[in-house]
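The structure under discussion appears below in the form of structure tokens.
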Amino acid sequence: MIESGFAIWEVKNNDFLHQIDMPEVHIQLFIIRGKINAIIDNQHVILQSDSLTDILHSRMSIEQASEDISVIILFTTEAFLANLINNKPPFPIEYIMQLLQQPVILLTHSQAIIIRGRLELVLDICKTDTHYHQLEMLKCALWMVFLEMSNIFMHQNDDIKTSSGTDSKRMLFMKYIKMLPSHVKQERNISFYASELCISSQYLERVVKLTSGQTAYQWIERTLIGEVNHLLKDTNKSIQQIADIFGFPDQATFTKYYKRNMGMTPTEFRTKNIL
């Protein structure tokens, strides 16, 4: 269906996924199982199961995927989307603004089940290439996907507004996320970031959990691993040097920490990413 401005892939091969040259179109990734290390607009991010990544006008590349990866990737051109939406976008403007800052949407387990079902319907329709109305059915199924995404965003937004009455918690969360790449090499205590934001550690943890569905420390780990992967892939620094940069007491401690998060050692990751 690429000639129509649309394509959908179901990928379960991490080597194939690593070799994909992502086109500069609208990309949506739904991770069913496993983990992906990616770069979005020069920022290292870790995408995990039950997450939906919606990339509008950003450049994305995949550095690494776990052995158990299972992901559905949706590609759509602007022309295809314009024709599908027909000046009636299902998303509020706040959704677009959020994606430009944070393209990763964290889903609850029940939300993930719904999105997976909608995307699997799209996959099934793509397989019925002898159907006279395949393209029309496909557009209807995609519209259902977009409506579900809009519904999830609006409910998440309502939850935040109900809890806070304002957008102050969302803004606080964004400030926290933007601080991490600059400080995570040496600062991995939540108290440091809370102090910088002039709030208590307990309040920061509540806001981050409410806004993103993940803990403040999980965001620290995601950012740290992304920065480590950058050095492993794009520099010749030794494992010991990288461990020193990130303040680990020794290489063994660093390797154990890395393997717990990535499912492989730093050396294994570097070997797999040698061009």
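Residues are named by chain letter and number: chains run A, B, ... in the order of the structure tokens, numbers start at 1 in each chain, and ligands are numbered from 1 in the order shown.
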- Item | Selection near stretch 41-44 of chain A, 9 Å with only C-alpha atoms, sequence-local residues under 6 positions removed, as an MDAnalysis selection string | chainID A and resid 58:60 181 222:223 225:227 229:230
Go ahead and save the residues from that selection, with N, CA, C and O atoms, as a PDB file, in the first residue's frame.
ATOM      1  N   SER A  58       9.652  14.907  12.896  1.00  0.00           N
ATOM      2  CA  SER A  58      10.959  14.665  13.480  1.00  0.00           C
ATOM      3  C   SER A  58      11.687  13.565  12.714  1.00  0.00           C
ATOM      4  O   SER A  58      11.074  12.771  12.001  1.00  0.00           O
ATOM      5  N   ARG A  59      12.984  13.541  12.873  1.00  0.00           N
ATOM      6  CA  ARG A  59      13.813  12.503  12.274  1.00  0.00           C
ATOM      7  C   ARG A  59      14.080  11.427  13.312  1.00  0.00           C
ATOM      8  O   ARG A  59      14.457  11.727  14.446  1.00  0.00           O
ATOM      9  N   MET A  60      13.885  10.163  12.919  1.00  0.00           N
ATOM     10  CA  MET A  60      14.049   9.068  13.864  1.00  0.00           C
ATOM     11  C   MET A  60      14.959   7.995  13.289  1.00  0.00           C
ATOM     12  O   MET A  60      14.908   7.693  12.095  1.00  0.00           O
ATOM     13  N   PRO A 181      19.051  15.153  30.582  1.00  0.00           N
ATOM     14  CA  PRO A 181      20.261  14.940  29.770  1.00  0.00           C
ATOM     15  C   PRO A 181      21.466  15.747  30.240  1.00  0.00           C
ATOM     16  O   PRO A 181      22.605  15.312  30.071  1.00  0.00           O
ATOM     17  N   ARG A 222      16.012   5.715  31.948  1.00  0.00           N
ATOM     18  CA  ARG A 222      15.827   5.771  30.496  1.00  0.00           C
ATOM     19  C   ARG A 222      16.796   6.759  29.860  1.00  0.00           C
ATOM     20  O   ARG A 222      17.411   6.480  28.825  1.00  0.00           O
ATOM     21  N   THR A 223      16.922   7.926  30.484  1.00  0.00           N
ATOM     22  CA  THR A 223      17.821   8.942  29.945  1.00  0.00           C
ATOM     23  C   THR A 223      19.273   8.491  30.036  1.00  0.00           C
ATOM     24  O   THR A 223      20.059   8.665  29.089  1.00  0.00           O
ATOM     25  N   ILE A 225      20.564   5.407  30.149  1.00  0.00           N
ATOM     26  CA  ILE A 225      20.874   4.345  29.187  1.00  0.00           C
ATOM     27  C   ILE A 225      20.974   4.914  27.770  1.00  0.00           C
ATOM     28  O   ILE A 225      21.831   4.498  26.976  1.00  0.00           O
ATOM     29  N   GLY A 226      20.122   5.867  27.442  1.00  0.00           N
ATOM     30  CA  GLY A 226      20.205   6.496  26.125  1.00  0.00           C
ATOM     31  C   GLY A 226      21.536   7.191  25.911  1.00  0.00           C
ATOM     32  O   GLY A 226      22.148   7.095  24.835  1.00  0.00           O
ATOM     33  N   GLU A 227      22.022   7.906  26.936  1.00  0.00           N
ATOM     34  CA  GLU A 227      23.312   8.596  26.838  1.00  0.00           C
ATOM     35  C   GLU A 227      24.460   7.597  26.753  1.00  0.00           C
ATOM     36  O   GLU A 227      25.425   7.797  26.006  1.00  0.00           O
ATOM     37  N   ASN A 229      24.317   4.534  25.530  1.00  0.00           N
ATOM     38  CA  ASN A 229      24.286   3.916  24.208  1.00  0.00           C
ATOM     39  C   ASN A 229      24.909   4.813  23.145  1.00  0.00           C
ATOM     40  O   ASN A 229      25.541   4.334  22.201  1.00  0.00           O
ATOM     41  N   HIS A 230      24.720   6.106  23.303  1.00  0.00           N
ATOM     42  CA  HIS A 230      25.336   7.055  22.370  1.00  0.00           C
ATOM     43  C   HIS A 230      26.854   6.931  22.411  1.00  0.00           C
ATOM     44  O   HIS A 230      27.520   6.879  21.362  1.00  0.00           O
TER      45      HIS A 230
END
- Task: Name the residues in contact with stretch 15-21 of chain A at a cut-off of 12 Å, using only C-alpha atoms, excluding same-chain residues fewer than 5 positions from it; report them as a ChimeraX atom specification.
- Result: /A:9-10,29,35-39,59-73,269,272-275
Near A:Ala216, counting only C-alpha atoms, which residues have an atom at most 8 Å away, once you skip same-chain residues fewer than 6 positions from it, shown as a PDB file with N, CA, C and O atoms, in the first residue's frame?
ATOM      1  N   ILE A 190      16.766  11.563  42.977  1.00  0.00           N
ATOM      2  CA  ILE A 190      15.586  12.398  42.720  1.00  0.00           C
ATOM      3  C   ILE A 190      15.654  13.685  43.530  1.00  0.00           C
ATOM      4  O   ILE A 190      15.187  14.739  43.084  1.00  0.00           O
ATOM      5  N   LEU A 204       7.643  15.798  43.533  1.00  0.00           N
ATOM      6  CA  LEU A 204       8.131  15.536  42.180  1.00  0.00           C
ATOM      7  C   LEU A 204       7.758  14.124  41.741  1.00  0.00           C
ATOM      8  O   LEU A 204       7.295  13.920  40.605  1.00  0.00           O
ATOM      9  N   GLU A 205       7.926  13.154  42.634  1.00  0.00           N
ATOM     10  CA  GLU A 205       7.597  11.775  42.286  1.00  0.00           C
ATOM     11  C   GLU A 205       6.109  11.621  41.986  1.00  0.00           C
ATOM     12  O   GLU A 205       5.734  10.920  41.040  1.00  0.00           O
ATOM     13  N   VAL A 208       5.393  13.310  38.453  1.00  0.00           N
ATOM     14  CA  VAL A 208       5.928  12.526  37.334  1.00  0.00           C
ATOM     15  C   VAL A 208       5.092  11.272  37.108  1.00  0.00           C
ATOM     16  O   VAL A 208       4.757  10.928  35.969  1.00  0.00           O
ATOM     17  N   LYS A 209       4.726  10.594  38.186  1.00  0.00           N
ATOM     18  CA  LYS A 209       3.915   9.382  38.066  1.00  0.00           C
ATOM     19  C   LYS A 209       2.535   9.698  37.499  1.00  0.00           C
ATOM     20  O   LYS A 209       2.026   8.986  36.611  1.00  0.00           O
TER      21      LYS A 209
END
- Using only C-alpha atoms, which residue out of A:Gln98, A:Ser212, A:Gln134, A:Gln28 lies closest to A:Leu119?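 Looking at the shortest contact to A:Leu119, the residue is A:Gln28.
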- Item | From A:Ala243, A:Ile8, A:Ala194, A:Met154, residue lying nearest A:Ile125 [only C-alpha atoms] |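 Ranking A:Ala243, A:Ile8, A:Ala194, A:Met154 by distance to A:Ile125, first place goes to A:Ile8.
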- Computed interatomic separation between atom CA of A:Ile96 and atom CA of A:Phe153 (Å): 10.5 Å
- Item | Test item: residues at most 12 Å from stretch 141-149 of chain A, only C-alpha atoms, excluding those fewer than 6 positions along its chain, as an NGL selection string | :A and (6-8 or 28 or 30 or 51-54 or 74-76 or 80-81 or 83-86 or 88-92 or 95-96 or 105-107 or 111-126 or 134-135 or 155-156)
Generate the output file for the selected residues, N, CA and C atoms, as a compact mmCIF listing (two decimals), in the first residue's frame.
# COMPACT_ATOMS: atom_id res chain seq x y z
N PHE A 6 0.64 5.04 2.33
CA PHE A 6 0.47 4.37 3.62
C PHE A 6 1.18 3.03 3.60
N ALA A 7 1.73 2.66 4.76
CA ALA A 7 2.31 1.31 4.92
C ALA A 7 2.23 0.94 6.39
N ILE A 8 2.11 -0.35 6.68
CA ILE A 8 2.11 -0.83 8.06
C ILE A 8 2.95 -2.10 8.11
N GLN A 28 4.27 6.11 13.42
CA GLN A 28 3.72 5.72 14.71
C GLN A 28 4.18 4.31 15.04
N PHE A 30 3.95 1.21 17.82
CA PHE A 30 3.32 0.64 19.00
C PHE A 30 4.10 -0.60 19.39
N SER A 51 3.79 1.24 24.93
CA SER A 51 4.00 2.65 24.63
C SER A 51 3.70 2.88 23.16
N LEU A 52 3.23 4.07 22.86
CA LEU A 52 2.93 4.47 21.49
C LEU A 52 3.74 5.73 21.19
N THR A 53 4.57 5.67 20.17
CA THR A 53 5.39 6.81 19.79
C THR A 53 4.83 7.41 18.51
N ASP A 54 4.49 8.69 18.56
CA ASP A 54 3.84 9.37 17.43
C ASP A 54 4.77 10.49 16.96
N LEU A 74 3.50 2.17 11.76
CA LEU A 74 2.57 2.77 10.80
C LEU A 74 3.26 3.94 10.12
N PHE A 75 3.26 3.95 8.78
CA PHE A 75 3.84 5.05 8.01
C PHE A 75 2.74 5.71 7.20
N THR A 76 2.63 7.03 7.27
CA THR A 76 1.65 7.75 6.45
C THR A 76 2.26 9.04 5.94
N PHE A 80 -1.60 11.62 2.28
CA PHE A 80 -2.56 10.59 2.68
C PHE A 80 -3.35 11.05 3.89
N LEU A 81 -2.65 11.62 4.88
CA LEU A 81 -3.32 12.10 6.09
C LEU A 81 -4.31 13.22 5.79
N ASN A 83 -5.92 13.75 3.08
CA ASN A 83 -7.10 13.17 2.43
C ASN A 83 -7.97 12.42 3.43
N LEU A 84 -7.32 11.72 4.38
CA LEU A 84 -8.07 10.96 5.38
C LEU A 84 -8.80 11.87 6.35
N ILE A 85 -8.10 12.88 6.84
CA ILE A 85 -8.67 13.77 7.85
C ILE A 85 -9.69 14.72 7.26
N ASN A 86 -9.40 15.21 6.03
CA ASN A 86 -10.34 16.08 5.32
C ASN A 86 -10.78 17.28 6.15
N LYS A 88 -10.90 17.67 9.23
CA LYS A 88 -11.62 17.37 10.47
C LYS A 88 -10.74 16.49 11.36
N PRO A 89 -9.62 17.03 11.83
CA PRO A 89 -8.70 16.20 12.64
C PRO A 89 -9.37 15.72 13.92
N PRO A 90 -9.13 14.46 14.29
CA PRO A 90 -9.74 13.92 15.52
C PRO A 90 -8.99 14.36 16.77
N PHE A 91 -7.81 14.98 16.59
CA PHE A 91 -6.99 15.35 17.73
C PHE A 91 -7.16 16.82 18.09
N PRO A 92 -7.23 17.14 19.37
CA PRO A 92 -7.20 18.55 19.78
C PRO A 92 -5.80 19.13 19.55
N TYR A 95 -2.87 18.02 21.68
CA TYR A 95 -2.20 16.75 21.36
C TYR A 95 -0.99 16.99 20.47
N ILE A 96 -1.16 17.81 19.46
CA ILE A 96 -0.07 18.12 18.54
C ILE A 96 1.06 18.83 19.28
N ILE A 105 3.93 8.25 24.10
CA ILE A 105 2.71 8.19 24.90
C ILE A 105 2.72 6.87 25.68
N LEU A 106 2.69 6.96 26.99
CA LEU A 106 2.68 5.77 27.83
C LEU A 106 1.24 5.33 28.08
N LEU A 107 0.95 4.07 27.79
CA LEU A 107 -0.41 3.56 27.87
C LEU A 107 -0.59 2.67 29.09
N GLN A 111 -5.46 0.22 27.78
CA GLN A 111 -5.36 1.07 26.59
C GLN A 111 -4.51 0.40 25.51
N ALA A 112 -3.43 -0.25 25.94
CA ALA A 112 -2.55 -0.94 24.99
C ALA A 112 -3.29 -2.06 24.27
N ILE A 113 -4.14 -2.77 24.99
CA ILE A 113 -4.91 -3.85 24.37
C ILE A 113 -5.83 -3.29 23.29
N ILE A 114 -6.45 -2.16 23.57
CA ILE A 114 -7.37 -1.55 22.59
C ILE A 114 -6.60 -1.10 21.35
N ILE A 115 -5.48 -0.39 21.54
CA ILE A 115 -4.69 0.09 20.40
C ILE A 115 -4.19 -1.09 19.57
N ARG A 116 -3.74 -2.13 20.24
CA ARG A 116 -3.25 -3.31 19.51
C ARG A 116 -4.35 -3.91 18.66
N GLY A 117 -5.55 -4.01 19.22
CA GLY A 117 -6.67 -4.55 18.46
C GLY A 117 -6.99 -3.73 17.23
N ARG A 118 -6.95 -2.39 17.37
CA ARG A 118 -7.24 -1.51 16.23
C ARG A 118 -6.17 -1.67 15.14
N LEU A 119 -4.91 -1.75 15.54
CA LEU A 119 -3.82 -1.87 14.57
C LEU A 119 -3.84 -3.25 13.90
N GLU A 120 -4.19 -4.28 14.64
CA GLU A 120 -4.26 -5.61 14.04
C GLU A 120 -5.39 -5.69 13.01
N LEU A 121 -6.45 -4.90 13.21
CA LEU A 121 -7.51 -4.82 12.21
C LEU A 121 -6.96 -4.21 10.91
N VAL A 122 -6.14 -3.16 11.06
CA VAL A 122 -5.51 -2.56 9.89
C VAL A 122 -4.64 -3.58 9.17
N LEU A 123 -3.86 -4.36 9.93
CA LEU A 123 -3.02 -5.39 9.33
C LEU A 123 -3.85 -6.42 8.56
N ASP A 124 -4.95 -6.83 9.16
CA ASP A 124 -5.82 -7.82 8.50
C ASP A 124 -6.38 -7.28 7.19
N ILE A 125 -6.78 -6.03 7.18
CA ILE A 125 -7.33 -5.43 5.97
C ILE A 125 -6.27 -5.37 4.87
N CYS A 126 -5.04 -5.06 5.26
CA CYS A 126 -3.95 -4.99 4.27
C CYS A 126 -3.69 -6.34 3.61
N GLN A 134 -10.85 -2.33 -0.45
CA GLN A 134 -9.78 -2.42 0.53
C GLN A 134 -9.34 -1.04 1.02
N LEU A 135 -9.10 -0.10 0.12
CA LEU A 135 -8.60 1.21 0.52
C LEU A 135 -9.61 1.94 1.39
N HIS A 155 -8.52 11.65 27.80
CA HIS A 155 -8.73 11.12 29.15
C HIS A 155 -7.53 11.40 30.04
N GLN A 156 -6.31 11.22 29.49
CA GLN A 156 -5.11 11.53 30.27
C GLN A 156 -5.07 13.00 30.63
- Query: Which distance in Å separates atom CA of A:Val228 and atom CA of A:Ile242, to one decimal?
  - Reply: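 Atom CA of A:Ile242 lies 7.3 Å from atom CA of A:Val228.
One finds atom CA of A:Ile31 at 24.2 Å from atom CA of A:Arg170.
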